[in-house]
>>> print(open('upload_37.txt').read())   # compact mmCIF, C-alpha atoms and all ligand atoms
# COMPACT_ATOMS: atom_id res chain seq x y z
CA MET A 1 152.93 121.07 75.05
CA ALA A 2 153.63 124.80 75.20
CA GLU A 3 157.17 125.92 74.63
CA TYR A 4 159.05 129.12 73.82
CA THR A 5 162.00 129.24 71.45
CA SER A 6 163.78 132.28 70.12
CA ASN A 7 166.94 133.09 68.21
CA ARG A 8 167.99 136.55 69.25
CA VAL A 9 170.92 138.85 69.03
CA ILE A 10 172.20 139.85 72.46
CA GLY A 11 175.38 141.88 72.76
CA ASN A 12 176.16 141.40 69.04
CA ARG A 13 175.99 137.62 69.32
CA GLU A 14 173.34 135.22 68.09
CA VAL A 15 171.90 133.18 70.93
CA PHE A 16 169.16 130.58 71.31
CA ILE A 17 166.70 130.72 74.21
CA ARG A 18 164.19 128.01 75.04
CA ALA A 19 161.65 127.46 77.82
CA HIS A 20 159.74 124.22 78.05
CA GLN A 21 158.21 121.74 80.45
CA GLY A 22 160.39 118.73 81.22
CA ASP A 23 162.84 116.90 83.45
CA ILE A 24 166.20 118.68 83.51
CA THR A 25 168.05 115.37 83.99
CA HIS A 26 167.22 114.55 80.34
CA THR A 27 168.68 117.80 78.99
CA ASP A 28 171.66 117.60 76.65
CA THR A 29 173.14 121.07 77.29
CA HIS A 30 176.83 121.19 78.26
CA ALA A 31 175.83 122.05 81.82
CA ILE A 32 172.66 121.70 83.83
CA VAL A 33 172.17 123.76 86.96
CA ASN A 34 171.18 122.07 90.21
CA ALA A 35 169.10 123.85 92.87
CA ALA A 36 171.11 122.43 95.76
CA ASN A 37 171.45 123.18 99.47
CA GLU A 38 174.56 124.45 101.27
CA SER A 39 175.80 120.94 102.09
CA LEU A 40 175.89 119.94 98.38
CA LEU A 41 175.18 116.43 99.64
CA GLY A 42 171.83 115.93 97.88
CA GLY A 43 168.22 116.41 98.90
CA GLY A 44 164.73 116.30 97.40
CA GLY A 45 163.27 118.05 94.34
CA VAL A 46 165.50 118.62 91.35
CA ASP A 47 168.60 117.99 93.50
CA GLY A 48 167.42 114.45 94.30
CA ALA A 49 166.55 113.81 90.64
CA ILE A 50 169.99 114.99 89.47
CA HIS A 51 171.84 112.83 92.01
CA ARG A 52 169.73 109.77 91.08
CA ALA A 53 170.35 110.26 87.37
CA ALA A 54 174.07 111.08 87.72
CA GLY A 55 174.77 108.08 89.95
CA PRO A 56 176.64 107.75 93.27
CA GLU A 57 179.89 109.18 91.88
CA LEU A 58 178.29 112.62 92.02
CA LEU A 59 177.75 112.43 95.77
CA GLU A 60 181.30 111.14 96.25
CA TYR A 61 182.66 114.07 94.24
CA CYS A 62 180.46 116.57 96.12
CA ARG A 63 181.83 115.35 99.47
CA GLY A 64 185.17 116.88 98.47
CA LEU A 65 183.70 120.35 97.80
CA ASN A 66 183.01 121.39 101.42
CA GLY A 67 179.56 122.74 100.60
CA CYS A 68 178.59 126.01 98.96
CA PRO A 69 177.24 129.26 100.47
CA THR A 70 173.82 130.52 99.39
CA GLY A 71 174.06 132.53 96.16
CA GLN A 72 177.34 130.90 95.08
CA ALA A 73 177.96 128.07 92.59
CA LYS A 74 180.32 125.12 92.16
CA ILE A 75 180.86 122.82 89.18
CA THR A 76 181.16 119.03 89.01
CA PRO A 77 181.16 116.45 86.23
CA GLY A 78 177.73 115.13 85.20
CA PHE A 79 178.81 111.47 85.45
CA LYS A 80 175.90 109.40 84.01
CA LEU A 81 173.90 112.47 82.93
CA LYS A 82 173.69 113.55 79.28
CA ALA A 83 175.06 116.92 80.40
CA LYS A 84 178.82 116.81 80.81
CA TRP A 85 178.74 119.23 83.75
CA VAL A 86 176.51 120.10 86.71
CA ILE A 87 176.65 123.58 88.17
CA HIS A 88 175.38 123.38 91.74
CA THR A 89 174.00 126.62 93.10
CA VAL A 90 172.21 127.28 96.37
CA GLY A 91 169.10 129.39 96.20
CA PRO A 92 167.78 131.38 99.17
CA ILE A 93 165.05 129.99 101.40
CA TRP A 94 162.12 132.45 101.23
CA LYS A 95 161.70 134.08 104.63
CA GLY A 96 159.36 136.93 103.74
CA GLY A 97 161.55 138.94 101.36
CA ASN A 98 163.59 141.11 103.75
CA ASN A 99 166.50 138.74 104.10
CA ARG A 100 168.34 139.50 100.83
CA GLU A 101 166.35 136.77 99.06
CA HIS A 102 166.08 138.69 95.76
CA GLU A 103 169.77 139.60 95.72
CA LEU A 104 170.81 136.04 96.59
CA LEU A 105 168.60 134.50 93.89
CA ALA A 106 170.09 136.93 91.35
CA SER A 107 173.57 135.85 92.51
CA CYS A 108 172.69 132.21 91.80
CA TYR A 109 171.97 133.00 88.13
CA GLU A 110 174.92 135.38 87.86
CA ASN A 111 177.45 132.99 89.42
CA SER A 112 176.16 129.97 87.47
CA MET A 113 176.51 131.88 84.20
CA LYS A 114 179.99 133.15 85.19
CA LEU A 115 181.13 129.64 86.02
CA ALA A 116 179.84 128.27 82.70
CA ASP A 117 181.60 131.09 80.91
CA THR A 118 184.95 130.54 82.65
CA GLN A 119 184.71 126.86 81.67
CA SER A 120 183.97 127.92 78.05
CA LEU A 121 180.66 126.05 77.99
CA GLU A 122 178.30 126.82 75.12
CA SER A 123 174.95 125.83 76.61
CA ILE A 124 173.32 125.78 80.03
CA ALA A 125 169.97 124.62 81.41
CA PHE A 126 168.31 126.13 84.47
CA PRO A 127 165.50 124.83 86.67
CA ALA A 128 163.38 127.34 88.61
CA ILE A 129 165.84 127.79 91.49
CA SER A 130 164.21 128.28 94.94
CA CYS A 131 160.68 127.84 93.52
CA GLY A 132 159.98 124.45 95.13
CA ILE A 133 160.97 123.47 98.66
CA TYR A 134 162.52 126.95 99.24
CA LYS A 135 159.16 128.64 98.42
CA PHE A 136 160.34 131.80 96.59
CA PRO A 137 157.27 133.60 95.10
CA LYS A 138 157.07 132.33 91.54
CA THR A 139 156.50 135.46 89.45
CA GLU A 140 159.27 137.35 91.26
CA ALA A 141 161.63 134.41 90.80
CA VAL A 142 160.86 134.19 87.07
CA ASP A 143 161.61 137.91 86.62
CA ILE A 144 164.97 137.52 88.34
CA ALA A 145 165.83 134.28 86.48
CA ILE A 146 165.20 135.76 83.05
CA ASN A 147 166.53 139.28 83.64
CA VAL A 148 169.79 138.16 85.20
CA SER A 149 170.56 135.19 82.94
CA LEU A 150 169.82 137.10 79.71
CA ASN A 151 171.86 140.05 80.93
CA MET A 152 174.78 137.70 81.65
CA LEU A 153 174.30 136.05 78.27
CA GLY A 154 175.00 139.39 76.62
CA ASN A 155 178.33 139.55 78.45
CA SER A 156 179.34 135.92 77.97
CA ASP A 157 182.14 134.89 75.62
CA SER A 158 181.07 131.27 75.26
CA ILE A 159 177.41 130.67 76.13
CA ARG A 160 175.12 130.57 73.10
CA ARG A 161 172.12 128.72 74.42
CA ILE A 162 169.99 128.87 77.56
CA ASP A 163 167.32 126.26 78.26
CA TYR A 164 164.82 126.94 81.04
CA VAL A 165 163.48 123.51 81.97
CA LEU A 166 160.33 123.75 84.06
CA PHE A 167 158.75 120.85 85.86
CA ASP A 168 155.08 121.85 85.84
CA GLU A 169 152.68 123.66 83.57
CA GLU A 170 152.20 126.69 85.85
CA MET A 171 155.93 127.45 85.92
CA THR A 172 156.29 126.80 82.18
CA ASP A 173 153.46 129.26 81.44
CA LEU A 174 155.06 131.93 83.66
CA TYR A 175 158.38 131.64 81.79
CA ILE A 176 156.72 131.67 78.38
CA GLU A 177 154.65 134.73 79.35
CA LYS A 178 157.70 136.63 80.62
CA LEU A 179 159.91 135.67 77.65
CA SER A 180 157.17 136.62 75.19
CA LEU A 181 157.18 140.14 76.68
CA LEU A 182 160.74 140.54 75.39
CA GLY A 183 159.15 141.02 71.97
CA ASP A 184 160.45 139.94 68.59
CA PRO A 185 164.19 139.56 68.22
N1 LIG A 201 163.59 118.90 86.42
C1 LIG A 201 163.30 120.22 86.40
N2 LIG A 201 162.72 120.87 87.43
C2 LIG A 201 162.43 120.14 88.54
C3 LIG A 201 162.70 118.76 88.66
C4 LIG A 201 163.32 118.14 87.53
N3 LIG A 201 163.62 116.82 87.52
N4 LIG A 201 162.28 118.33 89.88
C5 LIG A 201 161.75 119.41 90.51
N5 LIG A 201 161.83 120.50 89.70
P1 LIG A 201 163.29 122.36 94.31
P2 LIG A 201 164.48 124.67 95.71
C6 LIG A 201 161.38 121.89 89.93
O1 LIG A 201 162.43 122.06 95.48
O2 LIG A 201 163.14 125.28 95.87
C7 LIG A 201 166.30 120.20 97.71
O3 LIG A 201 165.99 119.32 98.76
C8 LIG A 201 160.38 122.15 91.04
O4 LIG A 201 159.06 121.86 90.58
O5 LIG A 201 163.97 121.23 93.63
O6 LIG A 201 165.61 125.52 95.25
C9 LIG A 201 167.69 120.80 97.84
O7 LIG A 201 168.61 119.87 98.38
C10 LIG A 201 160.60 123.64 91.27
O8 LIG A 201 159.87 124.42 90.31
O9 LIG A 201 164.48 123.40 94.70
C11 LIG A 201 167.45 121.94 98.78
O10 LIG A 201 167.40 121.51 100.12
C12 LIG A 201 162.10 123.82 91.01
O11 LIG A 201 162.52 122.64 90.33
C13 LIG A 201 166.06 122.43 98.38
O12 LIG A 201 165.41 121.30 97.78
C14 LIG A 201 162.94 123.99 92.26
O13 LIG A 201 162.39 123.18 93.29
C15 LIG A 201 166.14 123.50 97.32
O14 LIG A 201 164.86 124.01 97.10
>>> encode(input="upload_37.txt", output="structure tokens")
Amino acid sequence: MAEYTSNRVIGNREVFIRAHQGDITHTDTHAIVNAANESLLGGGGVDGAIHRAAGPELLEYCRGLNGCPTGQAKITPGFKLKAKWVIHTVGPIWKGGNNREHELLASCYENSMKLADTQSLESIAFPAISCGIYKFPKTEAVDIAINVSLNMLGNSDSIRRIDYVLFDEEMTDLYIEKLSLLGDP
């Protein structure tokens, strides 16, 4: 199966970047990011998979968070997941592109990275936020995901590894193509 891995120096620090096809619930990074909705009370797609794998304690914990606005992020324990933490962020629903969708998707990556950094986490895994049920155009979403998260990585004190975990081959190929354009480290 195709995958991209690279050790690079960003902002004077050595970091590890990976993109591969898989199920993010199996990822062993310190935090995995959930593409949630504003209620934070579960749903379909990757959100449903994360809640199933983490167990009912996750939903109980999320009930105390009072939701999360689009573009923002909140952190919870991972409960039964391999990842110790889940960062729940809410991507924008695509409504044609003139409703701040690009800016809000960028905020999801920015705020998830900031949260991981303030918690001193060393590794984080992202799914393709908004690229499923929320229907964000895929190539535009991949550009935002990679540009914003790598830019934040350069400014992070703690994060040394980003894993992009993509569910299908098409998405995996788009990430690998975009990351390969970064050139050799
Ligand atoms: N691991 C990694 N990626 C996955 C997994 C998985 N286990 N399952 C799906 N994906 P989506 P959104 C991919 O729909 O578009 C929920 O109901 C999927 O193929 O999960 O942000 C929430 O509660 C796609 O590429 O999230 C919200 O209501 C990507 O993850 C709404 O969906 C995101 O697809 C959020 O929609």
>>> closest_residue(input="upload_37.txt", among="A:Ala36, A:Ala116, A:Val165, A:Val86", to="Ala54 of chain A", atoms="all atoms listed in the file")
A:Val86
>>> residues_near_ligand(input="upload_37.txt", ligand="ligand LIG 201 (chain A)", cutoff="7 Å", atoms="only C-alpha atoms and all ligand atoms", output="ChimeraX atom specification")
/A:22-25,35-37,42-50,90-91,127-135,165-168,171
>>> closest_residue(input="upload_37.txt", among="A:Ala125, A:Ala141, A:Val148, A:Val15", to="Lys82 of chain A", atoms="all atoms listed in the file")
A:Ala125
>>> closest_residue(input="upload_37.txt", among="A:Lys84, A:Arg63, A:Arg52, A:His20", to="Thr5 of chain A", atoms="all atoms listed in the file")
A:His20
>>> atom_distance(input="upload_37.txt", atom1="atom CA of Asn99 of chain A", atom2="atom CA of Leu150 of chain A")
24.7 Å
>>> closest_residue(input="upload_37.txt", among="A:Ile146, A:Met152, A:Leu41, A:Ile32", to="Ile124 of chain A", atoms="only C-alpha atoms")
A:Ile32
>>> atom_distance(input="upload_37.txt", atom1="atom CA of Lys138 of chain A", atom2="atom CA of Cys108 of chain A")
15.6 Å
>>> atom_distance(input="upload_37.txt", atom1="atom CA of Leu65 of chain A", atom2="atom CA of Leu40 of chain A")
7.8 Å
>>> closest_residue(input="upload_37.txt", among="A:Leu121, A:Met1, A:Ile93, A:Ile17", to="Ile162 of chain A", atoms="only C-alpha atoms")
A:Ile17
>>> axis_aligned_box(input="upload_37.txt", around="segment 3-11 of chain A", padding_each_side="6 Å", output="lines of an AutoDock Vina configuration file")
center_x = 166.3
center_y = 133.9
center_z = 71.4
size_x = 30.2
size_y = 28.0
size_z = 18.4
>>> closest_residue(input="upload_37.txt", among="A:Thr27, A:Gly55, A:Pro77, A:Asn34", to="Thr89 of chain A", atoms="only C-alpha atoms")
A:Asn34
